[in-house]
Structures are given as C-alpha cells and as structure tokens.
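With mmCIF, C-alpha atoms inside, this is final_32.cif:
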```cif
data_coords
#
loop_
_atom_site.label_atom_id
_atom_site.label_comp_id
_atom_site.auth_asym_id
_atom_site.auth_seq_id
_atom_site.Cartn_x
_atom_site.Cartn_y
_atom_site.Cartn_z
CA MET A 1 151.81 82.39 73.33
CA ALA A 2 154.40 80.88 75.68
CA ASP A 3 155.24 84.33 77.07
CA GLY A 4 151.66 84.83 78.26
CA GLU A 5 151.44 81.34 79.75
CA LEU A 6 154.73 81.85 81.58
CA GLN A 7 153.60 85.15 83.08
CA GLN A 8 150.36 83.57 84.20
CA ARG A 9 152.16 80.75 85.99
CA MET A 10 154.77 83.04 87.54
CA SER A 11 152.03 85.14 89.08
CA ALA A 12 150.52 82.07 90.71
CA ILE A 13 153.37 79.85 91.92
CA GLY A 14 156.92 80.06 93.25
CA ALA A 15 158.73 78.26 90.42
CA VAL A 16 158.00 77.21 86.83
CA LEU A 17 159.45 74.36 84.78
CA ILE A 18 159.66 75.12 81.05
CA ASP A 19 160.37 71.95 79.10
CA GLY A 20 160.33 70.93 75.48
CA PRO A 21 162.68 69.72 72.75
CA LYS A 22 165.90 71.54 71.94
CA ALA A 23 165.72 74.74 69.87
CA VAL A 24 162.11 75.74 70.59
CA GLY A 25 163.13 78.93 72.43
CA LYS A 26 162.82 77.90 76.10
CA THR A 27 165.89 79.84 77.25
CA ARG A 28 164.96 82.90 75.20
CA THR A 29 161.47 82.90 76.68
CA ALA A 30 162.81 82.58 80.23
CA GLN A 31 165.47 85.26 79.72
CA ARG A 32 162.84 87.87 78.91
CA VAL A 33 161.67 87.83 82.53
CA ALA A 34 164.90 86.77 84.31
CA LYS A 35 167.28 88.81 86.42
CA THR A 36 169.79 85.94 86.76
CA VAL A 37 170.58 83.11 84.33
CA LEU A 38 172.66 80.10 85.40
CA ARG A 39 173.57 77.76 82.53
CA MET A 40 173.96 74.45 84.27
CA ASP A 41 175.27 72.61 81.19
CA VAL A 42 178.38 74.81 80.87
CA ASP A 43 178.78 76.65 84.21
CA ARG A 44 181.11 74.37 86.17
CA ALA A 45 181.23 76.73 89.15
CA ALA A 46 177.44 76.69 89.46
CA ARG A 47 177.37 72.87 89.24
CA ALA A 48 180.05 72.62 91.92
CA THR A 49 178.15 75.03 94.15
CA VAL A 50 175.10 72.75 94.00
CA GLN A 51 177.20 70.03 95.61
CA ILE A 52 178.97 72.20 98.21
CA GLN A 53 176.89 75.26 99.15
CA PRO A 54 173.69 75.23 97.12
CA GLU A 55 172.14 78.03 99.18
CA GLN A 56 174.54 80.47 97.48
CA LEU A 57 172.76 79.99 94.15
CA PHE A 58 169.51 81.17 95.68
CA MET A 59 171.10 84.41 96.89
CA GLU A 60 171.19 85.67 93.29
CA THR A 61 168.58 88.21 92.19
CA PRO A 62 165.28 86.55 91.22
CA PRO A 63 163.75 85.53 88.96
CA ILE A 64 166.60 83.02 88.62
CA VAL A 65 166.74 80.77 85.56
CA PHE A 66 168.42 77.38 85.91
CA ASP A 67 168.98 76.56 82.24
CA GLU A 68 169.35 72.85 81.31
CA TRP A 69 168.62 72.01 84.92
CA GLN A 70 168.43 68.27 84.19
CA GLU A 71 172.24 68.23 84.01
CA VAL A 72 172.08 68.59 87.81
CA PRO A 73 168.88 66.75 88.83
CA GLU A 74 169.41 67.70 92.49
CA LEU A 75 168.26 71.19 91.53
CA TRP A 76 164.64 70.03 91.44
CA ASN A 77 164.53 69.30 95.15
CA LEU A 78 166.62 72.39 95.95
CA VAL A 79 164.21 74.65 94.07
CA ARG A 80 161.25 72.95 95.69
CA ARG A 81 162.76 73.62 99.11
CA ALA A 82 163.68 77.22 98.20
CA VAL A 83 160.06 77.92 97.26
CA ASP A 84 159.05 76.80 100.75
CA ASP A 85 161.78 78.90 102.38
CA HIS A 86 161.34 82.16 100.42
CA GLU A 87 158.08 84.03 100.10
CA GLY A 88 157.01 85.20 96.68
CA LYS A 89 155.81 84.07 93.27
CA GLY A 90 157.77 83.52 90.09
CA LEU A 91 161.12 83.29 91.87
CA TYR A 92 162.71 80.46 89.86
CA ILE A 93 162.48 79.07 86.33
CA LEU A 94 163.82 75.66 85.32
CA THR A 95 164.38 75.09 81.60
CA GLY A 96 165.27 71.74 80.09
CA SER A 97 165.29 69.78 76.85
CA ALA A 98 165.39 66.31 78.38
CA ARG A 99 163.77 64.61 81.33
CA PRO A 100 166.14 63.25 84.02
CA ARG A 101 166.74 59.53 84.26
CA ASP A 102 164.37 57.44 86.35
CA ASN A 103 167.05 56.95 89.00
CA ALA A 104 167.06 60.67 89.83
CA ARG A 105 165.42 60.89 93.26
CA MET A 106 162.96 63.75 92.99
CA HIS A 107 160.06 64.69 95.22
CA SER A 108 156.83 65.99 93.74
CA GLY A 109 156.84 69.68 92.94
CA ALA A 110 153.07 69.92 93.27
CA GLY A 111 152.06 73.28 94.64
CA ARG A 112 155.60 74.64 94.29
CA ILE A 113 156.64 74.13 90.67
CA GLY A 114 154.29 74.87 87.79
CA ARG A 115 154.79 73.31 84.37
CA LEU A 116 154.83 74.85 80.91
CA ARG A 117 155.44 72.75 77.80
CA MET A 118 156.94 74.56 74.80
CA ARG A 119 156.76 73.20 71.28
CA PRO A 120 157.82 74.44 67.86
CA MET A 121 155.71 77.41 66.78
CA SER A 122 152.21 77.06 65.33
CA LEU A 123 151.22 78.58 61.99
CA PHE A 124 149.56 81.43 63.88
CA GLU A 125 152.81 82.17 65.74
CA THR A 126 154.91 82.09 62.56
CA GLY A 127 152.47 84.39 60.74
CA HIS A 128 151.07 81.74 58.39
CA SER A 129 147.59 81.69 59.92
CA SER A 130 145.35 84.70 60.45
CA GLY A 131 144.12 83.23 63.74
CA GLN A 132 140.70 84.80 63.10
CA ILE A 133 138.87 81.57 63.96
CA SER A 134 139.42 80.84 67.64
CA LEU A 135 139.60 77.21 68.73
CA GLU A 136 138.30 78.21 72.15
CA LYS A 137 135.27 79.89 70.58
CA LEU A 138 134.59 76.91 68.32
CA LEU A 139 134.50 74.72 71.44
CA SER A 140 132.01 77.09 73.01
CA GLY A 141 129.66 76.65 70.04
CA GLU A 142 130.52 79.70 67.95
CA ASP A 143 130.26 79.35 64.16
CA PRO A 144 133.53 79.67 62.21
CA SER A 145 133.98 82.99 60.49
CA GLY A 146 137.27 84.54 59.49
CA ARG A 147 139.80 85.13 56.77
CA ALA A 148 142.37 82.48 55.97
CA GLU A 149 145.91 83.33 54.94
CA ARG A 150 146.29 82.60 51.25
CA LEU A 151 148.67 79.66 51.39
CA THR A 152 148.64 77.23 48.49
CA ILE A 153 149.12 73.49 48.96
CA HIS A 154 152.75 74.06 47.91
CA ASP A 155 153.09 76.69 50.65
CA LEU A 156 151.64 74.32 53.25
CA LEU A 157 154.01 71.55 52.20
CA GLU A 158 156.84 74.03 52.66
CA ARG A 159 155.63 74.73 56.21
CA ILE A 160 155.67 70.98 56.85
CA VAL A 161 159.26 70.69 55.61
CA ILE A 162 160.56 73.82 57.40
CA GLY A 163 158.53 73.42 60.56
CA GLY A 164 157.93 75.82 63.43
CA TRP A 165 161.49 76.21 64.74
CA PRO A 166 162.35 79.79 65.78
CA ASP A 167 165.78 79.53 64.11
CA LEU A 168 164.10 78.76 60.77
CA LEU A 169 161.51 81.55 60.63
CA ASP A 170 163.05 83.14 57.53
CA ALA A 171 164.91 80.09 56.23
CA THR A 172 164.68 78.74 52.71
CA GLU A 173 163.66 75.12 52.25
CA ARG A 174 167.23 74.18 51.40
CA ALA A 175 168.69 75.85 54.50
CA ALA A 176 165.98 74.36 56.73
CA ARG A 177 166.60 70.84 55.44
CA THR A 178 170.32 71.19 56.23
CA TRP A 179 169.54 72.49 59.75
CA LEU A 180 167.07 69.67 60.41
CA ARG A 181 169.38 66.99 59.03
CA ASP A 182 172.09 68.13 61.44
CA TYR A 183 169.53 68.34 64.28
CA LEU A 184 168.56 64.68 63.82
CA ARG A 185 172.17 63.63 63.38
CA ASN A 186 172.98 65.19 66.76
CA VAL A 187 169.97 63.40 68.25
CA ALA A 188 171.30 60.05 67.03
CA GLU A 189 175.00 60.58 67.75
CA VAL A 190 174.98 62.83 70.85
CA ASP A 191 171.64 63.29 72.59
CA VAL A 192 170.36 59.71 72.68
CA PRO A 193 173.71 58.14 73.68
CA GLY A 194 173.95 60.88 76.31
CA MET A 195 170.79 59.58 77.96
CA GLY A 196 172.93 57.07 79.88
CA LEU A 197 172.60 53.74 78.08
CA ARG A 198 174.76 52.48 75.24
CA ARG A 199 172.92 52.96 71.99
CA ASN A 200 173.78 52.48 68.31
CA PRO A 201 173.46 55.76 66.32
CA ALA A 202 172.71 53.86 63.11
CA ASN A 203 169.79 52.14 64.84
CA ILE A 204 168.47 55.49 66.05
CA GLU A 205 168.67 56.91 62.52
CA ARG A 206 166.73 53.92 61.18
CA LEU A 207 164.16 54.35 63.96
CA LEU A 208 163.69 58.02 63.09
CA THR A 209 163.23 57.13 59.43
CA SER A 210 160.69 54.44 60.29
CA LEU A 211 158.78 56.86 62.53
CA GLY A 212 158.78 59.42 59.71
CA ARG A 213 157.39 56.82 57.32
CA SER A 214 154.59 55.98 59.75
CA ALA A 215 153.62 59.56 60.63
CA ALA A 216 149.97 59.90 61.72
CA THR A 217 149.40 56.14 61.73
CA PRO A 218 149.03 53.70 64.66
CA LEU A 219 152.38 52.66 66.13
CA ASN A 220 153.38 49.20 64.90
CA LEU A 221 156.12 48.03 67.27
CA THR A 222 156.82 44.88 65.27
CA ALA A 223 157.48 46.85 62.08
CA LEU A 224 159.56 49.40 63.98
CA ALA A 225 161.74 46.67 65.51
CA ARG A 226 162.28 45.16 62.05
CA ASP A 227 163.16 48.52 60.50
CA VAL A 228 165.54 49.46 63.31
CA GLY A 229 167.45 46.18 63.10
CA GLY A 230 167.97 46.51 59.36
CA PRO A 231 169.89 43.70 57.65
CA ARG A 232 170.68 42.02 60.99
CA GLY A 233 167.01 41.41 61.74
CA ALA A 234 164.57 42.90 64.22
CA VAL A 235 165.95 44.33 67.46
CA ALA A 236 164.66 43.00 70.77
CA SER A 237 161.48 44.58 72.10
CA GLU A 238 163.39 45.83 75.16
CA THR A 239 165.94 47.55 72.92
CA LEU A 240 163.20 49.22 70.90
CA SER A 241 161.48 50.31 74.09
CA ASN A 242 164.73 51.91 75.29
CA TYR A 243 165.14 53.77 72.01
CA LEU A 244 161.57 55.08 72.08
CA ASP A 245 161.94 56.03 75.73
CA ALA A 246 165.06 58.07 74.90
CA LEU A 247 163.24 59.97 72.14
CA ASP A 248 160.32 60.54 74.50
CA ARG A 249 162.67 61.90 77.18
CA LEU A 250 164.05 64.30 74.58
CA MET A 251 160.43 65.31 73.94
CA LEU A 252 160.66 64.67 70.20
CA LEU A 253 157.65 62.33 70.03
CA GLU A 254 154.05 63.20 70.88
CA ALA A 255 151.95 60.17 70.11
CA ILE A 256 148.20 60.66 70.41
CA PRO A 257 146.64 58.02 72.69
CA ALA A 258 143.44 56.21 71.85
CA TRP A 259 140.18 57.60 73.24
CA ARG A 260 138.10 54.98 75.05
CA PRO A 261 134.65 56.50 75.56
CA HIS A 262 131.49 54.69 76.59
CA MET A 263 129.71 53.54 73.44
CA ARG A 264 126.06 52.98 72.58
CA SER A 265 126.97 49.58 71.12
CA ARG A 266 129.67 46.98 71.75
CA THR A 267 132.04 48.66 69.34
CA ARG A 268 135.62 47.47 69.76
CA LEU A 269 137.98 50.41 69.89
CA ARG A 270 141.63 50.53 68.96
CA THR A 271 143.98 51.04 71.90
CA THR A 272 147.20 51.72 69.95
CA PRO A 273 148.44 55.34 70.02
CA VAL A 274 148.94 57.27 66.78
CA ASN A 275 152.51 58.25 65.97
CA HIS A 276 153.46 61.94 65.66
CA PHE A 277 156.69 63.87 65.98
CA VAL A 278 156.54 67.08 68.01
CA ASP A 279 156.91 68.90 64.66
CA PRO A 280 156.13 67.55 61.18
CA SER A 281 159.48 68.73 59.84
CA LEU A 282 161.25 66.00 61.83
CA GLY A 283 159.36 63.27 60.01
CA ALA A 284 160.02 64.82 56.61
CA SER A 285 163.70 65.32 57.44
CA ALA A 286 164.10 61.76 58.73
CA LEU A 287 162.77 60.55 55.37
CA GLY A 288 164.96 62.99 53.42
CA VAL A 289 161.98 64.44 51.57
CA GLY A 290 161.13 68.02 50.63
CA VAL A 291 158.29 69.86 48.96
CA ASP A 292 158.84 68.26 45.54
CA GLU A 293 158.71 64.72 46.91
CA LEU A 294 155.62 65.44 49.03
CA SER A 295 153.91 67.06 46.01
CA LYS A 296 154.29 63.79 44.12
CA ASP A 297 152.76 61.74 46.96
CA LEU A 298 149.79 63.66 48.29
CA GLU A 299 148.59 60.70 50.35
CA ALA A 300 151.84 60.79 52.37
CA ALA A 301 151.68 64.59 52.38
CA GLY A 302 148.24 64.38 53.97
CA LEU A 303 149.64 62.33 56.86
CA HIS A 304 152.41 64.85 57.51
CA PHE A 305 149.79 67.62 57.28
CA GLU A 306 147.88 65.80 60.01
CA SER A 307 151.02 66.01 62.19
CA LEU A 308 151.20 69.74 61.51
CA VAL A 309 147.57 70.17 62.57
CA ALA A 310 148.15 68.05 65.69
CA ARG A 311 151.05 70.33 66.64
CA ASP A 312 148.96 73.46 66.21
CA LEU A 313 146.01 72.01 68.12
CA ARG A 314 148.31 71.16 71.03
CA VAL A 315 149.62 74.72 71.08
CA TYR A 316 146.18 76.35 70.85
CA SER A 317 144.51 74.03 73.35
CA GLN A 318 147.25 73.91 75.99
CA PRO A 319 146.01 77.04 77.81
CA LEU A 320 142.60 75.34 78.02
CA GLY A 321 144.08 72.25 79.68
CA ALA A 322 142.86 70.07 76.81
CA ALA A 323 143.95 66.52 76.00
CA LEU A 324 144.20 65.10 72.47
CA SER A 325 143.16 61.54 71.64
CA SER A 326 142.24 59.54 68.55
CA TRP A 327 139.30 57.21 67.89
CA ARG A 328 138.97 54.13 65.72
CA ASP A 329 136.39 51.37 65.45
CA SER A 330 138.49 48.21 65.16
CA ARG A 331 135.68 46.26 63.48
CA THR A 332 134.74 48.69 60.70
CA GLY A 333 137.93 50.75 60.49
CA ALA A 334 135.92 53.96 60.93
CA GLU A 335 138.10 56.57 62.58
CA VAL A 336 138.36 60.19 63.65
CA ASP A 337 141.81 61.75 63.64
CA ILE A 338 141.61 63.78 66.84
CA VAL A 339 139.29 64.00 69.81
CA LEU A 340 139.93 67.12 71.88
CA GLU A 341 138.68 66.88 75.46
CA LEU A 342 138.60 69.65 78.06
CA PRO A 343 139.01 69.09 81.81
CA ASP A 344 135.26 69.49 82.37
CA GLY A 345 134.49 66.65 79.94
CA THR A 346 133.57 68.87 77.00
CA TRP A 347 134.74 67.18 73.81
CA ALA A 348 135.02 67.79 70.10
CA GLY A 349 135.74 65.51 67.15
CA ILE A 350 138.22 66.71 64.52
CA GLU A 351 139.05 65.32 61.10
CA VAL A 352 142.05 66.56 59.12
CA LYS A 353 142.14 66.78 55.32
CA LEU A 354 144.80 68.48 53.24
CA GLY A 355 142.40 68.98 50.33
CA GLU A 356 139.26 71.04 50.91
CA ASN A 357 137.24 68.85 48.52
CA ALA A 358 137.40 66.00 51.04
CA ALA A 359 135.18 67.86 53.54
CA ASP A 360 132.09 65.74 52.74
CA GLU A 361 133.86 62.47 53.50
CA ALA A 362 135.38 63.89 56.69
CA ALA A 363 132.05 65.28 57.90
CA ALA A 364 130.40 61.90 57.37
CA SER A 365 133.10 60.23 59.51
CA LEU A 366 132.55 62.73 62.31
CA LEU A 367 128.79 62.30 62.28
CA ARG A 368 129.06 58.48 62.32
CA MET A 369 131.43 58.61 65.26
CA ALA A 370 129.32 61.11 67.21
CA ASP A 371 126.28 58.86 66.77
CA LYS A 372 128.11 55.92 68.38
CA ILE A 373 129.15 57.79 71.55
CA ASP A 374 127.00 57.35 74.66
CA HIS A 375 125.78 60.92 75.10
CA ASP A 376 124.25 60.15 78.48
CA ARG A 377 127.80 59.60 79.75
CA HIS A 378 129.76 62.05 77.60
CA GLY A 379 127.27 64.65 76.45
CA GLU A 380 126.83 65.91 72.92
CA PRO A 381 130.01 67.01 71.15
CA ALA A 382 130.75 70.71 71.63
CA ALA A 383 131.81 70.82 67.99
CA LEU A 384 132.56 68.59 65.02
CA ILE A 385 135.31 70.17 62.95
CA VAL A 386 137.01 69.42 59.65
CA ILE A 387 140.38 71.19 59.42
CA THR A 388 141.62 71.56 55.85
CA GLY A 389 144.43 73.03 53.84
CA GLY A 390 141.80 74.96 51.89
CA ARG A 391 140.55 78.53 51.68
CA TYR A 392 137.06 78.78 53.13
CA SER A 393 135.46 78.49 56.56
CA TYR A 394 131.77 77.73 57.11
CA LYS A 395 129.28 75.69 59.08
CA ARG A 396 127.57 73.00 57.06
CA ALA A 397 123.84 72.23 57.17
CA ASP A 398 124.63 69.05 59.18
CA GLY A 399 126.34 71.18 61.85
CA VAL A 400 129.92 70.25 61.00
CA CYS A 401 132.35 73.20 60.91
CA VAL A 402 134.92 73.45 58.15
CA VAL A 403 138.01 75.47 59.10
CA PRO A 404 141.21 76.15 57.13
CA ILE A 405 144.32 75.60 59.25
CA THR A 406 145.50 78.99 57.97
CA ALA A 407 142.57 80.68 59.74
CA LEU A 408 142.77 78.81 63.02
CA GLY A 409 144.20 80.27 66.22
CA PRO A 410 143.89 80.02 69.98
#
```
Please render this file's structure as structure tokens.
Amino acid sequence: MADGELQQRMSAIGAVLIDGPKAVGKTRTAQRVAKTVLRMDVDRAARATVQIQPEQLFMETPPIVFDEWQEVPELWNLVRRAVDDHEGKGLYILTGSARPRDNARMHSGAGRIGRLRMRPMSLFETGHSSGQISLEKLLSGEDPSGRAERLTIHDLLERIVIGGWPDLLDATERAARTWLRDYLRNVAEVDVPGMGLRRNPANIERLLTSLGRSAATPLNLTALARDVGGPRGAVASETLSNYLDALDRLMLLEAIPAWRPHMRSRTRLRTTPVNHFVDPSLGASALGVGVDELSKDLEAAGLHFESLVARDLRVYSQPLGAALSSWRDSRTGAEVDIVLELPDGTWAGIEVKLGENAADEAAASLLRMADKIDHDRHGEPAALIVITGGRYSYKRADGVCVVPITALGP
C-alpha cells in the first residue's frame, strides 16, 4: 500500500518525507523509485558536504533519497529550498525513523514536502486477510460481504506475537520473539539514549513492560511512573514525560486520543488517550509472552488483538485521511473502542472483539453510543462495525456490521 501512496505524493509535490519506526521498510520502499540514495547515518562525505557545499548533493540524479535524514536536520531546509529552486515533482525523498530534536530549526515544508507515514504491515499486506471487505466501502454504506481467511484464534495470537514487520514475514514464533527482544533492547540501550538526553536503559525497559501490560487501556501516568521507578519508587513526572517523548519520537507509540463530540445530554467524556504500540508484537515482546501465554489469558489477548486491529485500521484508513479516536462515558463506563472520522466529518463507531460470540454485546455498546451523539452537529454514523477474530461477515437487523479482521482491507 505504501508504494501506491508514495507514487501518488511524488506525482503531486516536489519532495516526500517517509517516516515511521525502524524496520518497517521505509528505505526499501524509497529505493524502488530512486536513482540516487544517500545514507546520511553512515556516509561521512555526504554529511560533510551538507556543511560545506550542500548544493553538490542536489546535482545527483533525481529522485534522490536522503536516508535517515534526521541525522543531519539541516537537510530539511535544504530540501525545501531545492524544491523551490528546481522545477519538477517527486525530486527528493526523506526517510527517517526518528523525529529531530525540538532545537532543530526547521521551517514548514507545507506545499513543498509531502508526508507519508509507514507502519508495520497489516494482515492484508502480509496475506493473512482476504481484503474482500473494503473499509472505504463500509464507510460509504455498503453491506459487508466477503470471504475471511481461515485463521484460528491460535493463528491470530501468532500474528499478534510476530507482528507485521517485513523481516519477519516467514519467521517462526521463536525466531520472531528473539528478533523483537533484540529490537526492544536496542531501543532501550541505543535509540532512546541517542535522542540526546541521559536516560537509564533499565527504566526504559520497565516502561516498555508497563506499556505492554496496559495495552489498549487508558494511559495511567501515575502507574507508569511507579512501574518505571521500580524498587526506588516512582520517577518524577518530568522524567516519565521525557521517556514517553523519546518513544514517541521513535514512532513506537500510537495512542488513540479521546473523541469529544457534542452530546445530546451532559455526558462526561473521558479525555485520557488509549495506549497502543505501533504494532501489537512490541507489547507482547515487552511482556515476554507468546502464543501459549496469551492462550491462557484471553482477556489480555483481547486487548492485544485490539492493538492489532488499531494498526490495521490506521493502515487502511490513512489514504482516506481518517483520524482514529476512542469514546468513553466517564459516568457509566460505557465505551466504544475506536471512532474513525474522515476529513469531511463522516464518522463510524467500531468495537473490537476477539471472539465472534461477543458481537451482541459489542453491537449494543455501539448503538448506545450512537444514540448519545448529537446528530444535528455530527450527522448519523456512516457505519457501526464490530470487528472480530471470527469467521463470518454480515449486517445485523439493527444495522450493525460484523466483520472478521481476516476479511478486512482498504
């Protein structure tokens, strides 16, 4: 999917930024269309040229890829200027796995630099969903109809543990867990300390574990601070904020913010975001759990499944410009896992259930929530959808659509 989005942006604008966490295939995607690749993290000559005669870099044959551009933040402004100075579209591609520090002085790239976020692959991209039920068509009012891939609950738990990383497409669970353990160890010992501030790797590891334990639940900063500090007691709120900021800059976290719609009553809504890793495998790895452990705790497995669904929905809805939110009535505790909202205000409510037998409960939650929204301000929902780990897709008599994640696609 990223290849098509990249081509679309390159045909419309002078430069494109591809960002996302490490190992999602950003460089590979850019290389498919590049004539020149400059690896700014290891090419000392290219880094020196930026400081002395940067115009030489732009004499290379376009499209030019500046890989890991954030190692030389000055490149942002240089590329922005080069777009103004050279006619054409799709001339430059910036790829990066971390955002520059706040002290990097960068001008807006609006109108010159397009943006493409890459994430680990969805089930459709890895071949574990048929993709026969289109999210875009569901949002346009079409009834769900399509074949689901025959994945058992065990198979889905395996996809949670292995994740959507291109390097793990054919990996066994054991090999994937080793790869992911090393990935998170590098995050704690290399990537986070490399963000510029002194940080304790053991604290980062405890933070990752705590975030894995609280997957798909509202962020509790007090509990996180206590977990991170360990035996020495809770870390300071500023310290925790710095840790979370570092993980956010590495694009490993994708919390879902709270949706604050106009309501028909004085319902108090939660404002706390819901915690998700960019891929569910990171949460499972941080906890040191595999398929067997998740099979014995299906309640926890359901939360990690929700993170998997959130990842796939982000991938499928990104070309539509959609935003994901969550909704919870603070007074009653009623909640809906995901609200998907399009730029034109079209919205849909989505509940996620690992077991297909929970569709009735999920549908009731969606209908209660939809009844509370002020439709004069927000309109009727385009769709109410229950996404399951089950086998069958259908539209219920109450209008709620039931869709297996293994049938869903863009």
Quiz item: Do you know which residues the PyMOL selection byres ((chain A and resi 17-26) around 7) returns on this file, as a PyMOL selection string?
Solution: chain A and resi 15-16+27-30+93-97+113-120+165-166+250-252
Taking (140.0, 81.1, 55.7) in the coordinates of the supplied file, I want to know which residues reach to within 10 Å of it, counting only C-alpha atoms; could you give the answer as an mmCIF file with C-alpha atoms, in the frame of the given file?
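The result, written out as part.cif:
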```
data_model
loop_
_atom_site.group_PDB
_atom_site.id
_atom_site.type_symbol
_atom_site.label_atom_id
_atom_site.label_comp_id
_atom_site.auth_asym_id
_atom_site.auth_seq_id
_atom_site.Cartn_x
_atom_site.Cartn_y
_atom_site.Cartn_z
ATOM 1 C CA SER A 129 147.590 81.690 59.920
ATOM 2 C CA SER A 130 145.350 84.700 60.450
ATOM 3 C CA GLY A 131 144.120 83.230 63.740
ATOM 4 C CA GLN A 132 140.700 84.800 63.100
ATOM 5 C CA ILE A 133 138.870 81.570 63.960
ATOM 6 C CA PRO A 144 133.530 79.670 62.210
ATOM 7 C CA SER A 145 133.980 82.990 60.490
ATOM 8 C CA GLY A 146 137.270 84.540 59.490
ATOM 9 C CA ARG A 147 139.800 85.130 56.770
ATOM 10 C CA ALA A 148 142.370 82.480 55.970
ATOM 11 C CA GLU A 149 145.910 83.330 54.940
ATOM 12 C CA ARG A 150 146.290 82.600 51.250
ATOM 13 C CA LEU A 151 148.670 79.660 51.390
ATOM 14 C CA THR A 388 141.620 71.560 55.850
ATOM 15 C CA GLY A 389 144.430 73.030 53.840
ATOM 16 C CA GLY A 390 141.800 74.960 51.890
ATOM 17 C CA ARG A 391 140.550 78.530 51.680
ATOM 18 C CA TYR A 392 137.060 78.780 53.130
ATOM 19 C CA SER A 393 135.460 78.490 56.560
ATOM 20 C CA TYR A 394 131.770 77.730 57.110
ATOM 21 C CA VAL A 402 134.920 73.450 58.150
ATOM 22 C CA VAL A 403 138.010 75.470 59.100
ATOM 23 C CA PRO A 404 141.210 76.150 57.130
ATOM 24 C CA ILE A 405 144.320 75.600 59.250
ATOM 25 C CA THR A 406 145.500 78.990 57.970
ATOM 26 C CA ALA A 407 142.570 80.680 59.740
ATOM 27 C CA LEU A 408 142.770 78.810 63.020
#
```
Quiz item: So what do you get for CA of Val400 (chain A) versus CA of Thr271 (chain A), distance-wise?
Solution: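 According to the coordinates, CA of Val400 (chain A) and CA of Thr271 (chain A) are separated by 26.2 Å.
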Quiz item: Using all atoms listed in the file, which of the listed residues (A:Gly90, A:Val192, A:Val161, A:Met1) sits closest to Glu293 (chain A)?
Solution: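 Looking only at the distances to Glu293 (chain A), the closest residue turns out to be A:Val161.
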Practice problem: Would you mind telling me which residue in A:Val339, A:Leu75, A:Leu294, A:Leu282 lies nearest to Leu57 (chain A) when using all atoms listed in the file? | Solution: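 Ranking A:Val339, A:Leu75, A:Leu294, A:Leu282 by distance to Leu57 (chain A), first place goes to A:Leu75.
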Counting only C-alpha atoms, note down every residue that has an atom within 6 Å of the point (151.2, 59.3, 61.2) (file coordinates), as a compact mmCIF listing (two decimals) with C-alpha atoms, in the frame of the given file.
```
# COMPACT_ATOMS: atom_id res chain seq x y z
CA SER A 214 154.59 55.98 59.75
CA ALA A 215 153.62 59.56 60.63
CA ALA A 216 149.97 59.90 61.72
CA THR A 217 149.40 56.14 61.73
CA ASN A 275 152.51 58.25 65.97
CA HIS A 276 153.46 61.94 65.66
CA LEU A 303 149.64 62.33 56.86
```
Quiz item: If we count all atoms listed in the file, what is near Lys137 (chain A) at a cut-off of 12 Å, once residues fewer than 2 positions away on the same chain are taken out, given as a list in words?
Solution: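 The neighbour list is Gly131, Gln132, Ile133, Ser134, Leu135, Leu139, Ser140, Gly141, Glu142, Asp143, Pro144, Ser145, Tyr316, Ser317, Leu320, Ala382, Ala383, Leu408, Gly409 and Pro410 of chain A.
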Exercise. To verify the selection step, state as a list of chain:residue names which residues the PyMOL selection byres ((chain A and resi 298) around 12) yields on this input.
Key: A:Ile153, A:His154, A:Leu156, A:Leu157, A:Val291, A:Asp292, A:Glu293, A:Leu294, A:Ser295, A:Lys296, A:Asp297, A:Glu299, A:Ala300, A:Ala301, A:Gly302, A:Leu303, A:His304, A:Phe305, A:Lys353, A:Leu354, A:Gly355
Quiz item: Looking at A:His262, A:Gly196, A:Leu224, A:Ser285, which one is nearest to Tyr183 (chain A), with distances taken over all atoms listed in the file?
Solution: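 Among the listed residues, the smallest separation from Tyr183 (chain A) belongs to A:Ser285.
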Practice problem: Please evaluate the PyMOL selection byres ((chain A and resi 33-49) around 9) against the displayed coordinates and give the resulting residues as JSON, numbers by chain. | Solution: {"A": [7, 29, 30, 31, 32, 50, 51, 52, 53, 54, 55, 56, 57, 60, 61, 62, 63, 64, 65, 66, 67, 68, 69, 70, 71, 72, 92, 93]}
Atoms kept (C-alpha atoms) for selection, written as a CSV table (one decimal), in the coordinates of the input:
```csv
chain,number,residue,atom,x,y,z
A,7,GLN,CA,153.6,85.2,83.1
A,29,THR,CA,161.5,82.9,76.7
A,30,ALA,CA,162.8,82.6,80.2
A,31,GLN,CA,165.5,85.3,79.7
A,32,ARG,CA,162.8,87.9,78.9
A,50,VAL,CA,175.1,72.8,94.0
A,51,GLN,CA,177.2,70.0,95.6
A,52,ILE,CA,179.0,72.2,98.2
A,53,GLN,CA,176.9,75.3,99.2
A,54,PRO,CA,173.7,75.2,97.1
A,55,GLU,CA,172.1,78.0,99.2
A,56,GLN,CA,174.5,80.5,97.5
A,57,LEU,CA,172.8,80.0,94.2
A,60,GLU,CA,171.2,85.7,93.3
A,61,THR,CA,168.6,88.2,92.2
A,62,PRO,CA,165.3,86.6,91.2
A,63,PRO,CA,163.8,85.5,89.0
A,64,ILE,CA,166.6,83.0,88.6
A,65,VAL,CA,166.7,80.8,85.6
A,66,PHE,CA,168.4,77.4,85.9
A,67,ASP,CA,169.0,76.6,82.2
A,68,GLU,CA,169.4,72.8,81.3
A,69,TRP,CA,168.6,72.0,84.9
A,70,GLN,CA,168.4,68.3,84.2
A,71,GLU,CA,172.2,68.2,84.0
A,72,VAL,CA,172.1,68.6,87.8
A,92,TYR,CA,162.7,80.5,89.9
A,93,ILE,CA,162.5,79.1,86.3
```
